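Q: One file: run_3.cif (mmCIF, C-alpha atoms).
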```
data_work
#
loop_
_atom_site.label_atom_id
_atom_site.label_comp_id
_atom_site.auth_asym_id
_atom_site.auth_seq_id
_atom_site.Cartn_x
_atom_site.Cartn_y
_atom_site.Cartn_z
CA MET K 1 -5.47 8.02 -16.32
CA VAL K 2 -4.95 5.47 -13.63
CA ALA K 3 -5.90 1.85 -14.23
CA PRO K 4 -8.96 0.83 -12.18
CA ASN K 5 -8.19 -1.19 -9.05
CA ALA K 6 -10.33 -4.07 -10.32
CA ASP K 7 -8.27 -4.30 -13.54
CA ILE K 8 -5.03 -4.32 -11.56
CA ARG K 9 -6.35 -7.09 -9.30
CA SER K 10 -7.24 -9.19 -12.35
CA THR K 11 -3.83 -8.66 -13.92
CA VAL K 12 -1.97 -9.66 -10.74
CA GLN K 13 -3.99 -12.88 -10.54
CA ARG K 14 -3.44 -13.56 -14.26
CA TYR K 15 0.29 -12.91 -13.78
CA LEU K 16 0.48 -15.53 -11.02
CA ASP K 17 -1.59 -17.98 -13.07
CA LEU K 18 0.80 -17.54 -16.00
CA VAL K 19 3.91 -17.90 -13.82
CA ALA K 20 2.45 -21.27 -12.82
CA ASP K 21 0.97 -22.52 -16.08
CA GLY K 22 1.76 -20.06 -18.87
CA THR K 23 4.68 -19.25 -21.14
CA SER K 24 7.18 -16.44 -20.92
CA THR K 25 5.62 -14.97 -24.06
CA GLU K 26 2.24 -14.78 -22.36
CA ILE K 27 3.76 -13.21 -19.25
CA VAL K 28 5.67 -10.58 -21.21
CA ALA K 29 2.44 -9.52 -22.93
CA LEU K 30 1.27 -8.22 -19.52
CA TYR K 31 4.18 -5.74 -19.50
CA ALA K 32 4.37 -2.36 -21.23
CA PRO K 33 7.04 -2.19 -23.98
CA ASP K 34 9.47 -0.08 -21.91
CA ALA K 35 8.74 -1.70 -18.55
CA THR K 36 11.40 -2.44 -15.95
CA LEU K 37 11.95 -5.53 -13.80
CA GLU K 38 14.13 -5.80 -10.68
CA ASP K 39 14.07 -9.28 -9.14
CA PRO K 40 15.34 -9.35 -6.47
CA VAL K 41 15.57 -5.68 -5.52
CA GLY K 42 19.23 -4.76 -5.58
CA SER K 43 20.00 -6.80 -8.71
CA GLU K 44 20.34 -5.42 -12.23
CA VAL K 45 17.24 -3.62 -13.49
CA LEU K 46 16.05 -5.17 -16.75
CA ARG K 47 14.31 -2.86 -19.23
CA GLY K 48 12.05 -3.69 -22.15
CA ARG K 49 10.10 -6.74 -23.23
CA GLU K 50 13.09 -8.55 -24.73
CA ALA K 51 15.12 -8.43 -21.52
CA ILE K 52 12.05 -9.20 -19.41
CA GLY K 53 11.18 -12.10 -21.71
CA GLY K 54 14.64 -13.49 -21.17
CA PHE K 55 14.09 -13.41 -17.43
CA TYR K 56 10.83 -15.36 -17.61
CA ALA K 57 12.19 -17.78 -20.23
CA GLY K 58 14.26 -19.17 -17.37
CA LEU K 59 11.01 -20.36 -15.78
CA ASP K 60 9.61 -22.06 -18.90
CA GLY K 61 9.31 -25.78 -18.36
CA LEU K 62 9.58 -25.64 -14.57
CA ALA K 63 6.79 -27.25 -12.57
CA MET K 64 5.57 -24.31 -10.50
CA THR K 65 2.49 -23.52 -8.49
CA THR K 66 1.58 -20.06 -7.23
CA ASN K 67 -0.75 -18.76 -4.55
CA LEU K 68 -1.73 -15.17 -3.88
CA VAL K 69 -1.61 -14.51 -0.12
CA THR K 70 -2.28 -10.77 0.20
CA LEU K 71 -2.89 -8.01 -2.34
CA ARG K 72 -3.14 -4.26 -1.83
CA VAL K 73 -4.01 -1.94 -4.72
CA CYS K 74 -3.94 1.86 -4.77
CA ALA K 75 -3.30 4.65 -7.26
CA GLY K 76 -2.03 2.46 -10.11
CA HIS K 77 0.11 0.32 -7.84
CA ALA K 78 -0.16 -3.26 -6.61
CA ALA K 79 1.74 -4.65 -3.65
CA PHE K 80 1.32 -8.34 -3.01
CA HIS K 81 2.61 -11.33 -1.13
CA PHE K 82 2.54 -14.64 -2.92
CA GLU K 83 3.95 -18.14 -2.64
CA VAL K 84 5.63 -19.97 -5.47
CA VAL K 85 6.57 -23.63 -5.15
CA THR K 86 8.93 -25.21 -7.67
CA ASP K 87 8.81 -29.00 -7.82
CA THR K 88 11.98 -30.45 -9.32
CA GLY K 89 10.64 -33.99 -9.02
CA GLY K 90 12.75 -34.88 -6.03
CA MET K 91 12.60 -31.66 -4.06
CA LYS K 92 10.30 -28.72 -3.60
CA PHE K 93 11.52 -25.15 -3.18
CA LYS K 94 9.18 -22.57 -1.75
CA MET K 95 9.61 -18.82 -2.00
CA ALA K 96 7.13 -16.22 -0.82
CA PRO K 97 8.26 -12.80 -2.09
CA LEU K 98 6.60 -9.45 -1.66
CA GLU K 99 6.29 -7.65 -4.99
CA VAL K 100 5.38 -4.14 -6.05
CA MET K 101 4.07 -3.44 -9.55
CA THR K 102 3.09 -0.19 -11.24
CA PHE K 103 0.60 -0.01 -14.08
CA ASP K 104 -0.12 2.37 -16.93
CA GLY K 105 -3.58 3.63 -17.85
CA ASP K 106 -4.15 0.59 -20.08
CA GLY K 107 -3.43 -1.78 -17.19
CA LEU K 108 -0.04 -2.90 -18.51
CA ILE K 109 2.73 -3.46 -15.96
CA THR K 110 5.29 -0.63 -16.16
CA SER K 111 7.55 -1.87 -13.37
CA MET K 112 7.97 -4.89 -11.13
CA ARG K 113 10.21 -5.12 -8.08
CA ALA K 114 10.50 -8.33 -6.05
CA PHE K 115 11.61 -8.24 -2.41
CA TRP K 116 13.20 -11.46 -1.18
CA SER K 117 16.60 -12.89 -0.31
CA ASP K 118 18.18 -16.31 -0.16
CA GLU K 119 17.34 -16.55 3.53
CA ASP K 120 13.65 -16.72 2.59
CA LEU K 121 14.03 -19.91 0.54
CA VAL K 122 12.41 -22.98 2.08
CA VAL K 123 13.46 -26.42 0.82
CA ASP K 124 11.04 -29.35 0.83
CA ALA K 125 8.09 -27.12 1.58
CA MET F 1 27.34 1.15 2.53
CA VAL F 2 24.12 -0.78 2.85
CA ALA F 3 22.55 -1.34 6.27
CA PRO F 4 22.82 -5.00 7.35
CA ASN F 5 19.63 -7.03 6.94
CA ALA F 6 19.59 -7.80 10.68
CA ASP F 7 19.62 -4.08 11.54
CA ILE F 8 16.77 -3.42 9.13
CA ARG F 9 14.73 -6.24 10.65
CA SER F 10 15.25 -4.78 14.12
CA THR F 11 14.23 -1.31 13.00
CA VAL F 12 11.03 -2.55 11.33
CA GLN F 13 10.03 -4.36 14.52
CA ARG F 14 10.89 -1.32 16.64
CA TYR F 15 8.86 0.85 14.26
CA LEU F 16 5.80 -1.33 14.74
CA ASP F 17 6.34 -1.43 18.52
CA LEU F 18 6.48 2.36 18.58
CA VAL F 19 3.41 2.77 16.39
CA ALA F 20 1.60 0.71 19.02
CA ASP F 21 3.13 2.02 22.25
CA GLY F 22 5.53 4.88 21.46
CA THR F 23 5.30 8.57 20.70
CA SER F 24 5.54 10.36 17.38
CA THR F 25 8.86 11.82 18.55
CA GLU F 26 10.28 8.33 19.05
CA ILE F 27 9.00 7.19 15.66
CA VAL F 28 10.46 10.19 13.83
CA ALA F 29 13.88 9.44 15.33
CA LEU F 30 13.93 6.28 13.19
CA TYR F 31 13.78 8.43 10.05
CA ALA F 32 16.67 10.19 8.30
CA PRO F 33 16.41 14.02 8.35
CA ASP F 34 15.41 14.30 4.68
CA ALA F 35 13.29 11.15 4.53
CA THR F 36 10.02 10.91 2.61
CA LEU F 37 6.70 9.35 3.58
CA GLU F 38 3.81 8.43 1.26
CA ASP F 39 0.86 6.89 3.11
CA PRO F 40 -1.13 5.75 1.28
CA VAL F 41 0.72 5.55 -2.03
CA GLY F 42 -0.87 8.10 -4.33
CA SER F 43 -1.29 10.75 -1.61
CA GLU F 44 0.99 13.73 -1.02
CA VAL F 45 4.62 12.80 -0.35
CA LEU F 46 5.77 14.29 2.97
CA ARG F 47 9.44 15.22 3.25
CA GLY F 48 11.58 15.81 6.34
CA ARG F 49 11.22 15.01 10.02
CA GLU F 50 8.88 17.91 10.77
CA ALA F 51 6.30 16.87 8.18
CA ILE F 52 6.71 13.21 9.07
CA GLY F 53 6.34 14.03 12.75
CA GLY F 54 3.08 15.78 11.99
CA PHE F 55 1.81 12.63 10.32
CA TYR F 56 2.58 10.40 13.30
CA ALA F 57 1.32 13.00 15.80
CA GLY F 58 -2.12 12.11 14.50
CA LEU F 59 -1.65 8.65 16.02
CA ASP F 60 -0.54 9.87 19.47
CA GLY F 61 -3.04 8.87 22.10
CA LEU F 62 -4.82 6.27 19.97
CA ALA F 63 -5.07 2.75 21.42
CA MET F 64 -3.33 0.73 18.73
CA THR F 65 -1.82 -2.72 18.53
CA THR F 66 0.45 -3.90 15.71
CA ASN F 67 1.52 -7.30 14.47
CA LEU F 68 4.19 -8.07 11.89
CA VAL F 69 2.88 -10.71 9.47
CA THR F 70 5.61 -10.99 6.83
CA LEU F 71 8.94 -9.23 6.32
CA ARG F 72 11.34 -9.38 3.38
CA VAL F 73 14.67 -7.57 3.49
CA CYS F 74 17.16 -7.09 0.67
CA ALA F 75 19.73 -4.52 -0.44
CA GLY F 76 18.80 -1.79 2.02
CA HIS F 77 15.07 -2.29 1.53
CA ALA F 78 12.33 -3.75 3.69
CA ALA F 79 8.93 -4.86 2.41
CA PHE F 80 6.48 -6.00 5.02
CA HIS F 81 2.89 -6.85 5.73
CA PHE F 82 1.53 -5.92 9.13
CA GLU F 83 -1.76 -5.56 10.94
CA VAL F 84 -2.73 -2.53 12.98
CA VAL F 85 -5.86 -2.53 15.12
CA THR F 86 -7.19 0.74 16.49
CA ASP F 87 -9.55 0.38 19.45
CA THR F 88 -11.77 3.43 19.87
CA GLY F 89 -13.42 1.98 22.93
CA GLY F 90 -16.62 1.05 21.20
CA MET F 91 -15.28 -0.19 17.87
CA LYS F 92 -12.13 -1.76 16.48
CA PHE F 93 -10.72 -0.87 13.08
CA LYS F 94 -8.22 -3.21 11.49
CA MET F 95 -5.90 -2.35 8.63
CA ALA F 96 -3.22 -4.62 7.20
CA PRO F 97 -1.09 -2.57 4.79
CA LEU F 98 1.94 -3.63 2.82
CA GLU F 99 4.79 -1.17 3.29
CA VAL F 100 8.13 -0.61 1.61
CA MET F 101 10.95 1.21 3.40
CA THR F 102 14.43 2.13 2.27
CA PHE F 103 17.34 2.63 4.67
CA ASP F 104 20.62 4.53 4.64
CA GLY F 105 23.94 3.05 5.70
CA ASP F 106 23.25 4.03 9.32
CA GLY F 107 20.00 2.11 9.32
CA LEU F 108 17.77 5.21 9.32
CA ILE F 109 14.60 5.09 7.23
CA THR F 110 15.00 7.20 4.08
CA SER F 111 11.57 6.49 2.61
CA MET F 112 8.34 4.81 3.56
CA ARG F 113 5.48 3.98 1.21
CA ALA F 114 2.28 2.32 2.43
CA PHE F 115 0.05 0.37 0.06
CA TRP F 116 -3.59 0.16 1.14
CA SER F 117 -6.98 1.59 0.26
CA ASP F 118 -10.27 2.18 2.04
CA GLU F 119 -11.56 -1.14 0.74
CA ASP F 120 -9.00 -2.90 2.99
CA LEU F 121 -10.43 -1.46 6.21
CA VAL F 122 -12.15 -3.99 8.46
CA VAL F 123 -14.52 -2.71 11.16
CA ASP F 124 -14.98 -4.60 14.44
CA ALA F 125 -12.01 -6.84 13.74
#
```
Can the structure from this file be put into C-alpha cells for me?
A:
Amino acid sequence: MVAPNADIRSTVQRYLDLVADGTSTEIVALYAPDATLEDPVGSEVLRGREAIGGFYAGLDGLAMTTNLVTLRVCAGHAAFHFEVVTDTGGMKFKMAPLEVMTFDGDGLITSMRAFWSDEDLVVDA
Amino acid sequence: MVAPNADIRSTVQRYLDLVADGTSTEIVALYAPDATLEDPVGSEVLRGREAIGGFYAGLDGLAMTTNLVTLRVCAGHAAFHFEVVTDTGGMKFKMAPLEVMTFDGDGLITSMRAFWSDEDLVVDA
C-alpha cells in the first residue's frame, strides 16, 4: 500500500513545522524505525531512529524558521524545496535544500536525502 | 571519480536547453549507455539509450520552453526544479517537476527521476 498523497503532504509540512518549532523527539517520531537519512547526499547514511535522533538533536535549541517553497508528491515519494533560516542572534544563515523522502504505507518516512552544498549557504539572509 | 559540480551544472542547463530546442538524439547523448529513466517516479523504469531515446522522441516537434528555477549539486548528484511550458498553438500546458539526476565520472547522466503528478499540471499558463 502506498501512502495517500494528501497524507504525505501533511507530513512534509509537519516535518518543516517541527524543524522550526519542535523537538528532535517529535521529528524522529515521523520516521519509520529502520529509516535512513543522508544529509547532505554524499555524507554518511544514518540508519534507525537512534542515529536519526542524534542528527536532529543538533538542531534542538536553535532559533530556526522554515518555509516550504515547492512540493511534488507521487507514488509514495515527496520531493520538495524549502528554506530554513537559522538566527544566531547576531547573524542569520539561510539554506534552501531540495529533499527527497520516501514513505511507507502508514505514512512514516522511510528515507530522507537532502541535496545541498556549502556553496548554497547564504549569510545574513 | 566524481564529476565536478561545475560540469554537472552545465549539463543540467544543456539538458533543459535541449528539451526546449534540441532533438531526442542530442538529449540521449547526455546519458550514459546503461542509464535509467523514471518519469514520473512510480512509472516503469526505462534502461539504456534506446529506451530513453524513445521517451524523448515523444517530445520531438513539440513547441516547448524550459526554465531552470532551482539547482542543487552535491557528490555527483543534481536535484533541480524547472518549468516546462508546452504550447500546442491553442493552449499552453505548464509543468514544474523536481528532478534528481546522478552522473558518472565523465559527467554523463546515469539516472534521472522526475517527481510530479497530474495534479501539478497547469493549463493555459
Q: My list of candidates is F:Asp34, F:Glu50, F:Glu119, F:Asp124. Which is closest to chain K when distances are computed with all atoms listed in the file?
A: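 Ranking F:Asp34, F:Glu50, F:Glu119, F:Asp124 by distance to chain K, first place goes to F:Glu119.
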Q: For stretch 64-76 of chain F, list every protein, DNA or RNA residue within 7 Å, evaluated using all atoms listed in the file, and leave out those in the same chain fewer than 2 positions away; present the list as a VMD selection string.
A: (chain K and resid 41 to 42 98 115 to 117) or (chain F and resid 2 to 3 5 16 to 17 20 62 78 to 87 102 to 103)
Q: Just give me the gap between atom CA of K:Asp60 and atom CA of K:Pro40 in Å, one decimal is fine.
A: 18.7 Å
Q: Residues picked by the PyMOL selection byres ((chain K and resi 38) around 10) here, as a list of chain:residue names?
A: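 When the PyMOL selection byres ((chain K and resi 38) around 10) is applied, the selected residues are K:Thr36, K:Leu37, K:Asp39, K:Pro40, K:Val41, K:Gly42, K:Ser43, K:Glu44, K:Val45, K:Leu46, K:Arg47, K:Ile52, K:Glu99, K:Ser111, K:Met112, K:Arg113, K:Ala114, K:Phe115.
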Q: Taking the file as shown, find all residues satisfying the PyMOL selection byres ((chain F and resi 30) around 8) and write them as JSON, numbers by chain.
A: {"F": [11, 15, 26, 27, 28, 29, 31, 32, 108, 109]}
Q: One number please: atom CA of K:Gly89 to atom CA of K:Thr25, in Å, one decimal.
A: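 It comes out at 24.8 Å.
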Q: Just to confirm, what's the straight-line distance from atom CA of K:Asp7 to atom CA of K:Ala35 in Å (one decimal)?
A: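 One can read the atom CA of K:Asp7 to atom CA of K:Ala35 distance as 17.9 Å.
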Q: Name the closest residue to chain K among the candidates F:Pro33, F:Gly54, F:Pro97, F:Gly48; distances are taken between atoms, counting all atoms listed in the file.
A: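 Checking each candidate against chain K, we get F:Pro97 as the closest.
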Q: For chain K, which residue out of F:Ala51, F:Ala57, F:Leu121, F:Val19 is the nearest one, using all atoms listed in the file?
A: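 Among F:Ala51, F:Ala57, F:Leu121, F:Val19, it is F:Leu121 that comes nearest to chain K.
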Q: Taking N, CA, C and O atoms as the atom set, what does stretch 19-43 of chain K look like once completed, written as a PDB file, in the frame of the given file?
A:
```pdb
ATOM      1  N   VAL K  19       2.632 -17.432 -14.374  1.00  0.00           N
ATOM      2  CA  VAL K  19       3.910 -17.900 -13.820  1.00  0.00           C
ATOM      3  C   VAL K  19       3.823 -19.411 -13.555  1.00  0.00           C
ATOM      4  O   VAL K  19       4.775 -20.155 -13.783  1.00  0.00           O
ATOM      5  N   ALA K  20       2.635 -19.842 -13.118  1.00  0.00           N
ATOM      6  CA  ALA K  20       2.450 -21.270 -12.820  1.00  0.00           C
ATOM      7  C   ALA K  20       2.281 -22.092 -14.094  1.00  0.00           C
ATOM      8  O   ALA K  20       2.950 -23.119 -14.270  1.00  0.00           O
ATOM      9  N   ASP K  21       1.393 -21.655 -14.977  1.00  0.00           N
ATOM     10  CA  ASP K  21       0.970 -22.520 -16.080  1.00  0.00           C
ATOM     11  C   ASP K  21       1.127 -21.905 -17.462  1.00  0.00           C
ATOM     12  O   ASP K  21       0.719 -22.521 -18.443  1.00  0.00           O
ATOM     13  N   GLY K  22       1.666 -20.700 -17.570  1.00  0.00           N
ATOM     14  CA  GLY K  22       1.760 -20.060 -18.870  1.00  0.00           C
ATOM     15  C   GLY K  22       3.176 -20.091 -19.423  1.00  0.00           C
ATOM     16  O   GLY K  22       4.070 -20.737 -18.882  1.00  0.00           O
ATOM     17  N   THR K  23       3.363 -19.354 -20.512  1.00  0.00           N
ATOM     18  CA  THR K  23       4.680 -19.250 -21.140  1.00  0.00           C
ATOM     19  C   THR K  23       5.254 -17.863 -20.896  1.00  0.00           C
ATOM     20  O   THR K  23       4.527 -16.915 -20.562  1.00  0.00           O
ATOM     21  N   SER K  24       6.548 -17.750 -21.085  1.00  0.00           N
ATOM     22  CA  SER K  24       7.180 -16.440 -20.920  1.00  0.00           C
ATOM     23  C   SER K  24       6.594 -15.426 -21.900  1.00  0.00           C
ATOM     24  O   SER K  24       6.471 -14.244 -21.575  1.00  0.00           O
ATOM     25  N   THR K  25       6.214 -15.872 -23.077  1.00  0.00           N
ATOM     26  CA  THR K  25       5.620 -14.970 -24.060  1.00  0.00           C
ATOM     27  C   THR K  25       4.294 -14.396 -23.548  1.00  0.00           C
ATOM     28  O   THR K  25       4.010 -13.202 -23.707  1.00  0.00           O
ATOM     29  N   GLU K  26       3.520 -15.249 -22.910  1.00  0.00           N
ATOM     30  CA  GLU K  26       2.240 -14.780 -22.360  1.00  0.00           C
ATOM     31  C   GLU K  26       2.472 -13.798 -21.211  1.00  0.00           C
ATOM     32  O   GLU K  26       1.754 -12.804 -21.059  1.00  0.00           O
ATOM     33  N   ILE K  27       3.480 -14.086 -20.390  1.00  0.00           N
ATOM     34  CA  ILE K  27       3.760 -13.210 -19.250  1.00  0.00           C
ATOM     35  C   ILE K  27       4.215 -11.832 -19.745  1.00  0.00           C
ATOM     36  O   ILE K  27       3.757 -10.795 -19.267  1.00  0.00           O
ATOM     37  N   VAL K  28       5.118 -11.839 -20.717  1.00  0.00           N
ATOM     38  CA  VAL K  28       5.670 -10.580 -21.210  1.00  0.00           C
ATOM     39  C   VAL K  28       4.579  -9.683 -21.804  1.00  0.00           C
ATOM     40  O   VAL K  28       4.677  -8.449 -21.735  1.00  0.00           O
ATOM     41  N   ALA K  29       3.530 -10.297 -22.339  1.00  0.00           N
ATOM     42  CA  ALA K  29       2.440  -9.520 -22.930  1.00  0.00           C
ATOM     43  C   ALA K  29       1.707  -8.690 -21.878  1.00  0.00           C
ATOM     44  O   ALA K  29       0.993  -7.738 -22.217  1.00  0.00           O
ATOM     45  N   LEU K  30       1.877  -9.016 -20.594  1.00  0.00           N
ATOM     46  CA  LEU K  30       1.270  -8.220 -19.520  1.00  0.00           C
ATOM     47  C   LEU K  30       2.058  -6.940 -19.258  1.00  0.00           C
ATOM     48  O   LEU K  30       1.571  -6.037 -18.584  1.00  0.00           O
ATOM     49  N   TYR K  31       3.292  -6.879 -19.756  1.00  0.00           N
ATOM     50  CA  TYR K  31       4.180  -5.740 -19.500  1.00  0.00           C
ATOM     51  C   TYR K  31       4.087  -4.703 -20.617  1.00  0.00           C
ATOM     52  O   TYR K  31       3.914  -5.048 -21.783  1.00  0.00           O
ATOM     53  N   ALA K  32       4.256  -3.439 -20.248  1.00  0.00           N
ATOM     54  CA  ALA K  32       4.370  -2.360 -21.230  1.00  0.00           C
ATOM     55  C   ALA K  32       5.714  -2.508 -21.956  1.00  0.00           C
ATOM     56  O   ALA K  32       6.664  -3.088 -21.417  1.00  0.00           O
ATOM     57  N   PRO K  33       5.821  -1.987 -23.178  1.00  0.00           N
ATOM     58  CA  PRO K  33       7.040  -2.190 -23.980  1.00  0.00           C
ATOM     59  C   PRO K  33       8.320  -1.724 -23.278  1.00  0.00           C
ATOM     60  O   PRO K  33       9.367  -2.365 -23.423  1.00  0.00           O
ATOM     61  N   ASP K  34       8.250  -0.621 -22.541  1.00  0.00           N
ATOM     62  CA  ASP K  34       9.470  -0.080 -21.910  1.00  0.00           C
ATOM     63  C   ASP K  34       9.498  -0.332 -20.399  1.00  0.00           C
ATOM     64  O   ASP K  34      10.140   0.402 -19.643  1.00  0.00           O
ATOM     65  N   ALA K  35       8.828  -1.392 -19.983  1.00  0.00           N
ATOM     66  CA  ALA K  35       8.740  -1.700 -18.550  1.00  0.00           C
ATOM     67  C   ALA K  35      10.099  -2.086 -17.979  1.00  0.00           C
ATOM     68  O   ALA K  35      11.030  -2.421 -18.720  1.00  0.00           O
ATOM     69  N   THR K  36      10.187  -2.014 -16.659  1.00  0.00           N
ATOM     70  CA  THR K  36      11.400  -2.440 -15.950  1.00  0.00           C
ATOM     71  C   THR K  36      11.068  -3.566 -14.985  1.00  0.00           C
ATOM     72  O   THR K  36       9.933  -3.695 -14.504  1.00  0.00           O
ATOM     73  N   LEU K  37      12.085  -4.388 -14.710  1.00  0.00           N
ATOM     74  CA  LEU K  37      11.950  -5.530 -13.800  1.00  0.00           C
ATOM     75  C   LEU K  37      13.200  -5.613 -12.939  1.00  0.00           C
ATOM     76  O   LEU K  37      14.318  -5.575 -13.462  1.00  0.00           O
ATOM     77  N   GLU K  38      13.014  -5.699 -11.624  1.00  0.00           N
ATOM     78  CA  GLU K  38      14.130  -5.800 -10.680  1.00  0.00           C
ATOM     79  C   GLU K  38      13.803  -6.925  -9.707  1.00  0.00           C
ATOM     80  O   GLU K  38      12.974  -6.764  -8.810  1.00  0.00           O
ATOM     81  N   ASP K  39      14.432  -8.075  -9.891  1.00  0.00           N
ATOM     82  CA  ASP K  39      14.070  -9.280  -9.140  1.00  0.00           C
ATOM     83  C   ASP K  39      15.322 -10.101  -8.869  1.00  0.00           C
ATOM     84  O   ASP K  39      15.801 -10.778  -9.766  1.00  0.00           O
ATOM     85  N   PRO K  40      15.848 -10.098  -7.626  1.00  0.00           N
ATOM     86  CA  PRO K  40      15.340  -9.350  -6.470  1.00  0.00           C
ATOM     87  C   PRO K  40      15.788  -7.895  -6.508  1.00  0.00           C
ATOM     88  O   PRO K  40      16.709  -7.542  -7.265  1.00  0.00           O
ATOM     89  N   VAL K  41      15.150  -7.075  -5.682  1.00  0.00           N
ATOM     90  CA  VAL K  41      15.570  -5.680  -5.520  1.00  0.00           C
ATOM     91  C   VAL K  41      17.043  -5.649  -5.120  1.00  0.00           C
ATOM     92  O   VAL K  41      17.477  -6.391  -4.245  1.00  0.00           O
ATOM     93  N   GLY K  42      17.790  -4.818  -5.802  1.00  0.00           N
ATOM     94  CA  GLY K  42      19.230  -4.760  -5.580  1.00  0.00           C
ATOM     95  C   GLY K  42      20.017  -5.387  -6.718  1.00  0.00           C
ATOM     96  O   GLY K  42      21.213  -5.139  -6.861  1.00  0.00           O
ATOM     97  N   SER K  43      19.344  -6.203  -7.540  1.00  0.00           N
ATOM     98  CA  SER K  43      20.000  -6.800  -8.710  1.00  0.00           C
ATOM     99  C   SER K  43      19.821  -5.874  -9.907  1.00  0.00           C
ATOM    100  O   SER K  43      19.146  -4.840  -9.831  1.00  0.00           O
TER     101      SER K  43
END
```
